[in-house]
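Chemist: One structure, pasted below without further comment.
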Amino acid sequence: MINNANINILTAKKLLFLLVMLLCFSIHGQNISEQSRTIDSLKIVLKNAKHDTARCYILSLMIENEPDEEAWPEYNTQLKNIAEQNLKAGVKTKRLQRFYSKHLANTLNDEAYSLINLGDIESALELYHQSLNINQSLHNKVGMSITFNDLGTIYFNQGEVKKAQEYFEKSLSLQHEVGDKLGEANSLNNIGLTYKASGDLSKALVYYNKSLVLLKEIGNKASEAVTLSNIGSAYNVLNDDSKSMLYLNKAIALQEEINDKSGISATLNIIARLLEKQGKYNDALSYATRGLAISKELGYPENISENAIILKKIYKHQNNPVKELEMYELYVQMKDSITNEKNRKSSIRSQFRYEYEKMAAADSVRVAEEKKITDAQLKQEKTQRFALYGGLALVALFAAFMFNRFRVTQKQKNIISQQKEEVELQRHEAEFQKELVQEKQKEIIDSVNYARRLQNAILPPTDYIKKHLSDNFVYYKPKDIVAGDFYWMHISEEKVFIAAADSTGHGVPGAMVSIVCSNALDKAVKEFGLIDTGKILDKTRELVLETFSKSGEEIKDGMDISFLCIDKQLEKITWSGANNHLCYIRKNENALTELVEVKGDKQPIGNSDHRKPFTTHAIDFEKGMICYLLTDGYADQFGGAKGKKFKYKQLKEVLLANCHLDLPKQKEVLNIHFQNWKGNLDQVDDVTIIGIKL
C-alpha cells in the first residue's frame with residue numbers, strides 16, 4: 001500500500017538535503033540503512049539534523065520503529081508540530097507544501113489511533129476526517145485509502161456494518177487505482193466480513209475468494225491464512241461442516257508454517273466450535289484446550305476470552321459444572337481487559353522506510369559522483385573570482401526577495417493572529433457550554449442515585465428473608481440505576497407473604513410506580529388484615545387506582561405480580577398472579593421430577609377494560625418442593641446467535657435442568673445463562689426471579 005509520491009517529495013534542494021544527511025551519518029561512521037534500525041541511532045540523527053524536512057523523515061521512522069506504545073505518540077506530536085509550523089509560516093514551493101501536508105495527515109491518522117485505544121471514538125473520527133480532507137485536497141489516493149480503511153474498521157467494530165462496508169469499498173477502489181494488491185486483498189476480506197455480519201454468506205464467500213486469489217498471487221501467507229479461516233468460519237455458519245474443516249485445516253497449516261501463534265489460537269477456537277456443534281465434545285475439548293494454552297502463552301486477552309467461552313460450553317455438555325464455572329470466570333476476567341487492535345499502518349510505514357532508504361542510498365551515490373565532477377572542474381578553472389562576484393550578486397537578489405517575503409509573511413501572521421483569537425473565543429464558549437452540560441448531568445445522576453437509595457428502602461433485607469425462608473435466592477437485576485421491578489415480603493403469624501412485582505416501565509418512572517404499588521400491598525395486608533391472596537390483589541388494585549385518580553388525569557400505569565402465601569402451620573400454599581406466572585418443582589406420581597406452571601389472571605394491578613376479581617390458587621404443600629416467582633424481564637431478553645428473545649420455554653428448561661443444585665448455585669447458573677444469552681446486547685428490562693425451597 002505504498003504511494004511513490006510519498007517518497008519522491010523533496011524540493012529543488014534535495015541534493016543539499018541528502019548531502020547534509022550523509023554528513024550527519026558520517027560523524028558516527030555508519031550508513032543510513034544501519035542507523036534506521038534502532039531508536040537510539042535515530043535519536044542521534046535527529047539531534048544532528050539541520051532541516052525540518054530531515055526531521056520529518058527521521059521522526060516518521062522513529063514512530064515506525066518505537067516498540068513502546070507509550071513513547072511513539074510523543075514523536076508523533078513533534079512531527080505534527082513541525083508540519084503545522086511550516087504550513088502556518090508559508091512554505092516557498094508547492095512541493096514543500098505537499099510534503100508537510102502529507103506528514104500532517106499521517107500524524108492526524110496516528111493521533112486518531114491513540115484516541116481509539118483510549119476509547120475516545122468521537123474525537124478519533126474527527127481527526128480521521130481532517131486527515132481525509134487534507135489527502136483529498138492533495139489527491140493522495142494512498143493516504144485516502146488508508147483513512148477509508150481505518151474509518152471502516154471503526155464503524156465495523158461499533159456494529160454499523162453498512163457504513164463500514166461503504167468505507168471499505170471506497171478504500172478498495174483507490175487501492176485498485178494505485179495497484180496496491182495487498183491493500184486490495186485486505187479490503188476484499190473486510191468487505192466479506194461485512195456481508196457475513198449482515199447474514200449474506202454467499203456474497204461474503206465471493207469476496208473472501210477474490211481476496212484469496214490476490215494473496216496467493218503476491219505470496220502473503222499470513223493474510224492468506226486469515227482469509228482461509230474466514231472462509232472456514234462462513235461454511236461453519238452454512239452448516240457445511242466438511243468444507244468448513246477443509247479450509248480451517250488449510251489455514252492452520254499455513255499458520256504453523258509461518259509460526260503465527262495468534263492465528264493458530266484463533267483457528268483452533270473455530271475448529272473447536274465446529275466440533276462442539278457436531279457433538280464431538282472430546283475432540284472439541286482437545287482443540288480448545290490447545291488454543292487456550294497458546295493464548296495464555298501469548299498473553300492476548302481476546303484470544304483467551306474466545307477459548308474460555310467455548311470451553312465453558314464443552315464442559316457444560318460434559319456435565320462438569322466446576323470446570324464450566326471456572327471457564328466462565330476466566331471469560332469475564334478477560335473480557336474487560338481486551339485491548340484494541342494493533343496499529344494497522346505498521347506495514348505501510350515499514351515499506352515507506354524501505355523505499356526511502358533505497359532512494360536515499362541511490363541519491364547519495366549520484367551526489368557523490370556529481371561532486372567529483374564539480375571538484376575536477378573547479379580545479380581547472382582559473383576564473384573563481386568572477387564566480388564569486390556572481391555569487392555575491394545572487395545573494396543580494398536573494399536578500400531582496402527574502403525582505404519582500406518577510407513583509408508578506410508579517411501580513412499573513414497578523415491575519416492568522418486575528419483568526420486565532422476568534423477561534424480561542426469560540427473554544428472558551430464551547431468549554432463553558434460543556435461545563436454547564438456536565439454540571440446538569442451530575443445533578444441528574446445524583447438525584448437518580450438518591451432515588452435508588454429510597455427504592456432500596458422498600459425492598460426486604462436479605463437477612464429478613466433468610467430468617468423466615470431459610471433456603472432461598474433472590475436474583476434481582478435492574479436495567480437502570482433504579483427499577484420498575486421490586487420484591488416484597490410480609491410476615492403475619494405463621495403466614496409468609498412474598499411477591500415478585502413488575503411495575504409499568506423501568507428507570508425513574510418505573511421506580512415511582514413501584515413505590516405506589518408497594519405501599520398499596522402494605523396497606524392491603526397490614527391495615528385491612530387480608531390473608532387471601534386473590535382478595536389482597538383486589539384491594540391492592542383498588543388502592544393503586546385511588547392513588548392515581550387524585551391527579552385528575554387518566555393514568556394506565558400499574559404492575560404485574562406473582563404473589564405467594566405460605567402457611568407454615570397448616571402447611572398450605574396459596575398463590576395469585578396478575579399477568580405473571582408461578583413455576584414450582586415437585587415429584588409426580590411416577591416419582592419423576594417435573595416443573596408445573598400456574599398462570600396468573602390476564603389483567604394488571606391497575607386500570608384495564610375488563611376488570612374481574614383475582615383468582616386464588618391452592619397448591620399442594622410438599623416438603624422439598626421449589627417455588628419460583630418471576631417477572632417477564634428474563635424471558636424477554638434479546639440475545640443468542642440470532643438476537644431473539646430468551647422466552648419462558650427456555651427459562652423453564654433451565655430451571656428444571658438445575659433444580660438439583662442448591663439455591664445459591666441455581667442463582668449463579670441463572671446469571672451465567674442470562675449473560676451468555678445477552679452477550680453484547682443491551683439489557684431490555686428489569687429482571688427478578690425468587691426461588692424458595694420448602
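By convention here, the chains of the C-alpha cells are called A, B, ... in the order presented, each chain's residues are numbered starting at 1, and ligands are numbered starting at 1 in the order presented.
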Write out as a count of residues only each polymer residue whose atoms come within 6 Å of range 691-694 of chain A, counting only C-alpha atoms; drop sequence neighbours fewer than 2 positions from it.

Modeler: 9

Chemist: Under the rule of at most 12 Å, produce a per-residue listing of range 474-564 of chain A near range 656-673 of chain A: chain, number, name, the closest pair of atoms, and the distance in Å, as a tab-separated table, using only C-alpha atoms.

Modeler:
residue	atom	partner	partner_atom	distance
A:Val474	CA	A:Lys667	CA	7.6
A:Tyr475	CA	A:Lys667	CA	6.3
A:Tyr476	CA	A:Lys667	CA	9.9
A:Lys477	CA	A:Asn671	CA	9.4

Chemist: Would you write out those residues with N, CA and C atoms, as an mmCIF file, in the first residue's frame?

Modeler:
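Saved as result_32.cif:
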data_model
loop_
_atom_site.group_PDB
_atom_site.id
_atom_site.type_symbol
_atom_site.label_atom_id
_atom_site.label_comp_id
_atom_site.auth_asym_id
_atom_site.auth_seq_id
_atom_site.Cartn_x
_atom_site.Cartn_y
_atom_site.Cartn_z
ATOM 1 N N VAL A 474 -32.667 -14.662 45.695
ATOM 2 C CA VAL A 474 -33.331 -13.541 45.014
ATOM 3 C C VAL A 474 -32.384 -13.063 43.913
ATOM 4 N N TYR A 475 -32.774 -13.307 42.675
ATOM 5 C CA TYR A 475 -31.983 -12.828 41.517
ATOM 6 C C TYR A 475 -32.643 -11.533 41.031
ATOM 7 N N TYR A 476 -32.031 -10.404 41.383
ATOM 8 C CA TYR A 476 -32.617 -9.081 41.118
ATOM 9 C C TYR A 476 -31.612 -8.263 40.316
ATOM 10 N N LYS A 477 -31.964 -7.923 39.083
ATOM 11 C CA LYS A 477 -31.014 -7.266 38.174
ATOM 12 C C LYS A 477 -31.720 -6.101 37.458
#

Chemist: Which residues come within 10 Å of range 537-548 of chain A, counting only C-alpha atoms, excluding same-chain residues fewer than 4 positions away, as a PDB file with N, CA and C atoms, in the first residue's frame?

Modeler:
ATOM      1  N   VAL A 513     -43.635   4.284  40.167  1.00  0.00           N
ATOM      2  CA  VAL A 513     -44.823   3.426  40.190  1.00  0.00           C
ATOM      3  C   VAL A 513     -44.624   2.292  41.194  1.00  0.00           C
ATOM      4  N   VAL A 516     -45.552   3.341  44.719  1.00  0.00           N
ATOM      5  CA  VAL A 516     -47.008   3.407  44.896  1.00  0.00           C
ATOM      6  C   VAL A 516     -47.572   2.000  45.100  1.00  0.00           C
ATOM      7  N   CYS A 517     -47.136   1.046  44.252  1.00  0.00           N
ATOM      8  CA  CYS A 517     -47.667  -0.325  44.317  1.00  0.00           C
ATOM      9  C   CYS A 517     -47.233  -1.038  45.603  1.00  0.00           C
ATOM     10  N   SER A 518     -45.987  -0.810  46.044  1.00  0.00           N
ATOM     11  CA  SER A 518     -45.514  -1.432  47.281  1.00  0.00           C
ATOM     12  C   SER A 518     -46.314  -0.929  48.484  1.00  0.00           C
ATOM     13  N   ASN A 519     -46.576   0.381  48.516  1.00  0.00           N
ATOM     14  CA  ASN A 519     -47.378   0.947  49.619  1.00  0.00           C
ATOM     15  C   ASN A 519     -48.789   0.358  49.630  1.00  0.00           C
ATOM     16  N   ALA A 520     -49.354   0.154  48.406  1.00  0.00           N
ATOM     17  CA  ALA A 520     -50.701  -0.419  48.327  1.00  0.00           C
ATOM     18  C   ALA A 520     -50.718  -1.851  48.865  1.00  0.00           C
ATOM     19  N   LEU A 521     -49.686  -2.656  48.569  1.00  0.00           N
ATOM     20  CA  LEU A 521     -49.590  -4.012  49.117  1.00  0.00           C
ATOM     21  C   LEU A 521     -49.529  -3.977  50.644  1.00  0.00           C
ATOM     22  N   ASP A 522     -48.684  -3.071  51.174  1.00  0.00           N
ATOM     23  CA  ASP A 522     -48.568  -2.942  52.633  1.00  0.00           C
ATOM     24  C   ASP A 522     -49.930  -2.662  53.268  1.00  0.00           C
ATOM     25  N   LYS A 523     -50.668  -1.719  52.680  1.00  0.00           N
ATOM     26  CA  LYS A 523     -51.971  -1.348  53.243  1.00  0.00           C
ATOM     27  C   LYS A 523     -52.944  -2.528  53.204  1.00  0.00           C
ATOM     28  N   ALA A 524     -53.002  -3.226  52.055  1.00  0.00           N
ATOM     29  CA  ALA A 524     -53.956  -4.326  51.884  1.00  0.00           C
ATOM     30  C   ALA A 524     -53.756  -5.408  52.935  1.00  0.00           C
ATOM     31  N   VAL A 525     -52.492  -5.679  53.291  1.00  0.00           N
ATOM     32  CA  VAL A 525     -52.213  -6.761  54.237  1.00  0.00           C
ATOM     33  C   VAL A 525     -52.217  -6.262  55.677  1.00  0.00           C
ATOM     34  N   PHE A 528     -55.798  -3.587  56.282  1.00  0.00           N
ATOM     35  CA  PHE A 528     -57.083  -4.259  56.055  1.00  0.00           C
ATOM     36  C   PHE A 528     -57.075  -5.711  56.542  1.00  0.00           C
ATOM     37  N   LEU A 530     -56.086  -8.534  55.291  1.00  0.00           N
ATOM     38  CA  LEU A 530     -56.489  -9.583  54.349  1.00  0.00           C
ATOM     39  C   LEU A 530     -55.431 -10.689  54.309  1.00  0.00           C
ATOM     40  N   ASP A 532     -56.261 -13.740  52.119  1.00  0.00           N
ATOM     41  CA  ASP A 532     -56.496 -14.443  50.853  1.00  0.00           C
ATOM     42  C   ASP A 532     -55.740 -13.708  49.741  1.00  0.00           C
ATOM     43  N   THR A 533     -54.899 -14.438  48.988  1.00  0.00           N
ATOM     44  CA  THR A 533     -54.023 -13.774  48.016  1.00  0.00           C
ATOM     45  C   THR A 533     -54.817 -13.052  46.926  1.00  0.00           C
ATOM     46  N   GLY A 552     -56.304  13.603  38.711  1.00  0.00           N
ATOM     47  CA  GLY A 552     -57.279  14.168  37.788  1.00  0.00           C
ATOM     48  C   GLY A 552     -57.049  13.763  36.349  1.00  0.00           C
ATOM     49  N   GLU A 553     -56.014  12.975  36.076  1.00  0.00           N
ATOM     50  CA  GLU A 553     -55.716  12.520  34.722  1.00  0.00           C
ATOM     51  C   GLU A 553     -55.902  11.007  34.651  1.00  0.00           C
ATOM     52  N   GLU A 554     -56.124  10.521  33.414  1.00  0.00           N
ATOM     53  CA  GLU A 554     -56.266   9.077  33.229  1.00  0.00           C
ATOM     54  C   GLU A 554     -54.881   8.446  33.181  1.00  0.00           C
ATOM     55  N   ILE A 555     -54.532   7.660  34.197  1.00  0.00           N
ATOM     56  CA  ILE A 555     -53.215   7.017  34.282  1.00  0.00           C
ATOM     57  C   ILE A 555     -53.406   5.512  34.176  1.00  0.00           C
ATOM     58  N   LYS A 556     -52.718   4.913  33.215  1.00  0.00           N
ATOM     59  CA  LYS A 556     -52.864   3.475  32.979  1.00  0.00           C
ATOM     60  C   LYS A 556     -51.721   2.667  33.578  1.00  0.00           C
ATOM     61  N   ASP A 557     -50.870   3.324  34.368  1.00  0.00           N
ATOM     62  CA  ASP A 557     -49.761   2.603  34.989  1.00  0.00           C
ATOM     63  C   ASP A 557     -50.270   1.657  36.071  1.00  0.00           C
ATOM     64  N   GLY A 558     -49.458   0.681  36.393  1.00  0.00           N
ATOM     65  CA  GLY A 558     -49.787  -0.286  37.430  1.00  0.00           C
ATOM     66  C   GLY A 558     -48.666  -1.289  37.559  1.00  0.00           C
ATOM     67  N   MET A 559     -49.020  -2.548  37.829  1.00  0.00           N
ATOM     68  CA  MET A 559     -47.964  -3.557  37.933  1.00  0.00           C
ATOM     69  C   MET A 559     -48.518  -4.936  37.612  1.00  0.00           C
ATOM     70  N   ILE A 561     -47.728  -9.014  38.838  1.00  0.00           N
ATOM     71  CA  ILE A 561     -47.199  -9.547  40.102  1.00  0.00           C
ATOM     72  C   ILE A 561     -47.398 -11.054  40.177  1.00  0.00           C
ATOM     73  N   PHE A 563     -47.739 -13.481  43.416  1.00  0.00           N
ATOM     74  CA  PHE A 563     -47.945 -13.255  44.851  1.00  0.00           C
ATOM     75  C   PHE A 563     -48.208 -14.601  45.543  1.00  0.00           C
ATOM     76  N   SER A 576     -51.656 -16.099  43.808  1.00  0.00           N
ATOM     77  CA  SER A 576     -52.425 -15.348  42.812  1.00  0.00           C
ATOM     78  C   SER A 576     -51.448 -14.567  41.950  1.00  0.00           C
ATOM     79  N   GLY A 577     -51.853 -14.318  40.715  1.00  0.00           N
ATOM     80  CA  GLY A 577     -50.953 -13.599  39.806  1.00  0.00           C
ATOM     81  C   GLY A 577     -51.691 -12.654  38.895  1.00  0.00           C
ATOM     82  N   ALA A 578     -51.040 -11.519  38.608  1.00  0.00           N
ATOM     83  CA  ALA A 578     -51.545 -10.558  37.627  1.00  0.00           C
ATOM     84  C   ALA A 578     -50.575 -10.567  36.451  1.00  0.00           C
ATOM     85  N   PRO A 604     -53.773  -6.507  34.800  1.00  0.00           N
ATOM     86  CA  PRO A 604     -52.757  -5.931  35.681  1.00  0.00           C
ATOM     87  C   PRO A 604     -53.344  -5.436  36.995  1.00  0.00           C
ATOM     88  N   ILE A 605     -52.475  -5.065  37.904  1.00  0.00           N
ATOM     89  CA  ILE A 605     -52.891  -4.306  39.099  1.00  0.00           C
ATOM     90  C   ILE A 605     -52.930  -2.849  38.643  1.00  0.00           C
ATOM     91  N   GLY A 606     -54.051  -2.411  38.153  1.00  0.00           N
ATOM     92  CA  GLY A 606     -54.179  -1.069  37.599  1.00  0.00           C
ATOM     93  C   GLY A 606     -55.422  -0.985  36.747  1.00  0.00           C
ATOM     94  N   ASN A 607     -55.490   0.058  35.939  1.00  0.00           N
ATOM     95  CA  ASN A 607     -56.666   0.299  35.114  1.00  0.00           C
ATOM     96  C   ASN A 607     -56.683  -0.655  33.924  1.00  0.00           C
ATOM     97  N   ARG A 611     -62.068  -5.554  34.129  1.00  0.00           N
ATOM     98  CA  ARG A 611     -61.571  -5.951  35.455  1.00  0.00           C
ATOM     99  C   ARG A 611     -62.481  -7.031  36.053  1.00  0.00           C
ATOM    100  N   LYS A 612     -61.837  -7.990  36.746  1.00  0.00           N
ATOM    101  CA  LYS A 612     -62.565  -9.047  37.437  1.00  0.00           C
ATOM    102  C   LYS A 612     -61.767  -9.428  38.689  1.00  0.00           C
ATOM    103  N   PRO A 613     -62.394 -10.101  39.659  1.00  0.00           N
ATOM    104  CA  PRO A 613     -61.643 -10.489  40.871  1.00  0.00           C
ATOM    105  C   PRO A 613     -60.492 -11.423  40.516  1.00  0.00           C
ATOM    106  N   PHE A 614     -59.389 -11.287  41.237  1.00  0.00           N
ATOM    107  CA  PHE A 614     -58.233 -12.155  41.007  1.00  0.00           C
ATOM    108  C   PHE A 614     -58.484 -13.550  41.599  1.00  0.00           C
ATOM    109  N   THR A 615     -57.979 -14.556  40.916  1.00  0.00           N
ATOM    110  CA  THR A 615     -58.175 -15.960  41.317  1.00  0.00           C
ATOM    111  C   THR A 615     -57.159 -16.346  42.395  1.00  0.00           C
ATOM    112  N   THR A 616     -57.630 -17.085  43.399  1.00  0.00           N
ATOM    113  CA  THR A 616     -56.735 -17.642  44.421  1.00  0.00           C
ATOM    114  C   THR A 616     -56.530 -19.126  44.122  1.00  0.00           C
TER     115      THR A 616
END

Chemist: Quick one, how far is CA of Leu182 in chain A from CA of Ser223 in chain A?

Modeler: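 A separation of 8.8 Å between them.
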
Chemist: As number ranges by chain, please: all residues of range 577-689 of chain A that backbone DSSP puts in strand (DSSP E).

Modeler: A: 577-578, 581-587, 593-599, 605-606, 617-619, 626-630, 638-639, 644-645, 687-689
